[in-house]
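One structure below.
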Amino acid sequence: MPEYLALHYLYWKESEIVAKLLMDQLTKSYDNKTQAVKDFNLEVEDGEFIVFVGPSGCGKSTTLRMIAGLEDITSGTFSIDGKKMNDMEPKDRDIAMVFQNYALYPHMTVYENMAFSLKLKKMPKAEIKARVKNAAEILGLMDYLNRKPKALSGGQRQRVALGRAIVRDAKLFLMDEPLSNLDSKLRVQMRTEISKLHQRLKTTTIYVTHDQTEAMTMATRIVIMKDGVIQQVGTPKEVYDQPVNMFVAGFIGSPAMNFFPGRIEGDYFITGQTKLWIPTGALPEGQDKKEIVIGLRPEHISHTAHVDETTVSVKLDVVELMGSEYMVYGKLEDQPFVGRVEANIELEAGMVFPMAFDLEKARFFDPVTEERIK
Amino acid sequence: MRNKRNWKIEILGILLAILWLVPFYLMFVNSFKTKKEIFMDVTSPPEKWSFDNYITAFKELDFLQTLFNSLFITVTSVVLIIFFSAMAAYALSRAKSRISTVLFFLFVAAMLIPFQSVMIPLVTVFGQFEMLNRGGLIFMYIGFGASLSIFLYHGALNNIPRSLDEAARIDGANRWQIFWHIIFPMLKPITVTVAILNIIWIWNDYLLPSLVINKTGSETIPLKMFFFFGEYTKQWHLALAGLTLAILPVIIFYFFAQRSIIKGVSDGAIK
């Protein structure tokens, strides 16, 4: 490819057109008995970074594989830019996918791995070279192009897998737990790299993970799934601050949200012998005398100097120093909880310590339906 | 301590090597002797190194034609066995249906059927189709070779993650391309094993060609060798010269292929 075309290509690459996806009542069932995914509805805008998150077996990977075309869609429609994709072959969907185990072709060099899809498209050699070089430069793989995957570290392999997706210029990137085979330090590093890559390429991306931290840090919107059903779709802030039910509340955030079952009496929350004051306006209306579950994040259970109606003296079972803060583990009326205390005081396990329960920040849940009461 | 042990192993190795080489030595030296000399003393070198035996054996065997027959039958059969078994095993390992399980066990079971029990009906059936010739022989070898080869390929294929197939599929490869560009190159160690096993078997096979090949000029080396062993006389001097000629191609093949055979076997590690 002549120089000017290569430059044109690079320019075009940076200002790429991206895709809009529509998933309408997608269902996946095996043998018409077990339903892996039920009634999945989602609209994805251009350039979004969507993360599917949930415990294993929740159907997130199955959904991704239906989008990729690796699994048949039992019912419902999936379309890209208004074009129905249900019966399209994966290669005709204009997608690229990154797998958990990298799925690099072991007998090919890094260059050949990245060039494979382009060769199949019968693209001119010069253009293949320009594209692979461009991807390798973005990912810092220039020095490894002639190596086989065997001779690369885990992080480098994952980068090659990303490179294989980048060269395709696909409308849609699919990533299936791409970081779970890496050690924790590398995982954090690759997380930022993938985010940067997305900011640069602006390609619509669907990313599957069971790690809520990845979901929170990378997503423009998170889709939380359980047992094949979407629980909530929202920005990281929305799902963290306004969880729709106890599952989402408990799944998003680390350490997880604490739950305390109890009863409402006027302005007070009663659990066992403990009585905690609920600031005016925090409690939804019409809950007086009702059984309720209060959800409180660890950062809202903290140390306080003055004792009032929001504090309880608690024996600390475990104290973990995280550097700038402590994670303290204790029990409120036999209900275990985690709190966060700033590390400017000395704490030890076994101490009895006044903790403030900031119920202004609490979320209230129905103990039967587990839905949030608004 | 360690040196002492190495030393013992070395002696053992040398003894084993001698044991292995003795037959070759006997074959080699006796191929230069006259028949009378062989019966007088088997172990000593010949009084006179003469190539007469070789010249006679070369002519008697119609060596070039016979060598071509053996090579043609072996190479074609092995290439086709690899071609079909690898693809069949791939299909059986990737399609997880009941039919494929049954088919796979049928192939495995076929390994247990003794050849002698099927040879007569086989030859009868092939005779009716006028396939008692080199082509028919190759066809039979594919059938008999497939079961073990499919079994070996199937085991190796189950260790290749499916995500590679899927990655290639998304990259735009069709099934044929997935298999030949991605999967088959990864099967190289098994392909080498399958090739060696089948080459040894087909190259040395006597019984099946003796039943199938009935036309002068189509015989393989083991078949032709039989002509030196008459009902009343055994022409050892010619037979040994012929045998030496016959193993030369194999030795030359191994000499050139050795490096890639060893590499093929040790390259096995996929991860």
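Just remember, in the structure tokens the first chain shown is A, the second B, etc., residues are 1-based per chain, and ligands are 1-based in the order shown.
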
Which residues of chain B come within 6 Å of chain A, and for each one, what is the closest pair of atoms and their distance in Å to one decimal, counting only C-alpha atoms, sorted by chain and residue number, as JSON lines?
```
{"residue": "B:Ser163", "atom": "CA", "partner": "A:Ala103", "partner_atom": "CA", "distance": 5.8}
{"residue": "B:Leu164", "atom": "CA", "partner": "A:Ala103", "partner_atom": "CA", "distance": 4.9}
{"residue": "B:Ile170", "atom": "CA", "partner": "A:Lys91", "partner_atom": "CA", "distance": 5.1}
{"residue": "B:Asp171", "atom": "CA", "partner": "A:Ser117", "partner_atom": "CA", "distance": 4.6}
{"residue": "B:Gly172", "atom": "CA", "partner": "A:Lys91", "partner_atom": "CA", "distance": 4.5}
```

Just-selected residues, C-alpha atoms written as a short mmCIF file (atom, residue, chain, number, x, y, z; two decimals), in the first residue's frame:
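The file below, again24.cif, is the result:
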```cif
data_model
loop_
_atom_site.label_atom_id
_atom_site.label_comp_id
_atom_site.auth_asym_id
_atom_site.auth_seq_id
_atom_site.Cartn_x
_atom_site.Cartn_y
_atom_site.Cartn_z
CA SER B 163 -12.15 -21.37 21.55
CA LEU B 164 -9.49 -21.70 18.84
CA ILE B 170 -15.03 -15.15 13.94
CA ASP B 171 -11.87 -14.32 12.00
CA GLY B 172 -13.83 -15.40 8.95
#
```

7 Å contact set for range 253-259 of chain A, only C-alpha atoms, chain neighbours under 3 positions out, as a count of residues only
12

Go through range 36-85 of chain A and collect every residue that DSSP, computed from the backbone, puts in strand (DSSP E); the answer should be as a VMD selection string.
chain A and resid 36 to 44 49 to 53 75 to 80 83 to 84

Nearest to Thr213 in chain A among A:Glu71, A:Ala151, A:Val53, A:Asp46, with distances taken over only C-alpha atoms: which residue is it?
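Ranked by minimum distance to Thr213 in chain A, first place goes to A:Val53.
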
Sel. of helix (DSSP H, G or I) residues, range 1-238 of chain B, as an NGL selection string:
:B and (2-30 or 35-40 or 52-61 or 63-94 or 98-110 or 115-128 or 134-158 or 162-170 or 175-186 or 188-204 or 207-212 or 221-228 or 236-238)

Excluding range 121-135 of chain B and residues on its chain fewer than 4 positions from it, collect all residues at most 9 Å away from it, counting only C-alpha atoms, and give them as a PDB file with C-alpha atoms, in the first residue's frame.
```pdb
ATOM      1  CA  ASN B  69       5.004 -50.209  -6.188  1.00  0.00           C
ATOM      2  CA  PHE B  72       3.390 -45.714  -4.331  1.00  0.00           C
ATOM      3  CA  ILE B  73       1.182 -47.909  -2.171  1.00  0.00           C
ATOM      4  CA  SER B 117     -11.226 -63.053  10.319  1.00  0.00           C
ATOM      5  CA  PHE B 139      -8.494 -48.521  -0.408  1.00  0.00           C
ATOM      6  CA  MET B 140      -8.232 -51.408   2.057  1.00  0.00           C
ATOM      7  CA  PRO B 209      -0.809 -57.666  -0.715  1.00  0.00           C
ATOM      8  CA  LEU B 211      -4.149 -61.754  -1.255  1.00  0.00           C
ATOM      9  CA  VAL B 212      -4.860 -58.711  -3.364  1.00  0.00           C
ATOM     10  CA  ILE B 213      -1.991 -58.347  -5.823  1.00  0.00           C
ATOM     11  CA  ASN B 214      -2.084 -61.077  -8.427  1.00  0.00           C
ATOM     12  CA  LYS B 215      -0.546 -59.374 -11.408  1.00  0.00           C
ATOM     13  CA  SER B 218       2.367 -54.896  -9.313  1.00  0.00           C
ATOM     14  CA  GLU B 219       4.114 -56.687  -6.441  1.00  0.00           C
TER      15      GLU B 219
END
```

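Nearest-residue note for Arg94 in chain B: choosing from B:Leu208, B:Thr244, B:Gly155, B:Ala239, the minimum distance belongs to B:Gly155, counting only C-alpha atoms.
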
List the neighbours of Leu283 in chain A out to 9 Å using only C-alpha atoms; skip same-chain residues closer than 6 positions along the sequence, and give me the result as a PyMOL selection string.
chain A and resi 267+359-360+362-364+374

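We find CA of Ala246 in chain B and CA of Leu19 in chain B to be spaced 21.4 Å apart.
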
Would you mind listing what lies within 12 Å of Trp180 in chain B as an MDAnalysis selection string, with only C-alpha atoms counted and same-chain residues fewer than 5 positions away left out?
chainID B and resid 83 86:87 90 165 168 173:175 185:188

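Here CA of Leu197 in chain A and CA of Arg131 in chain A stand 15.6 Å from one another.
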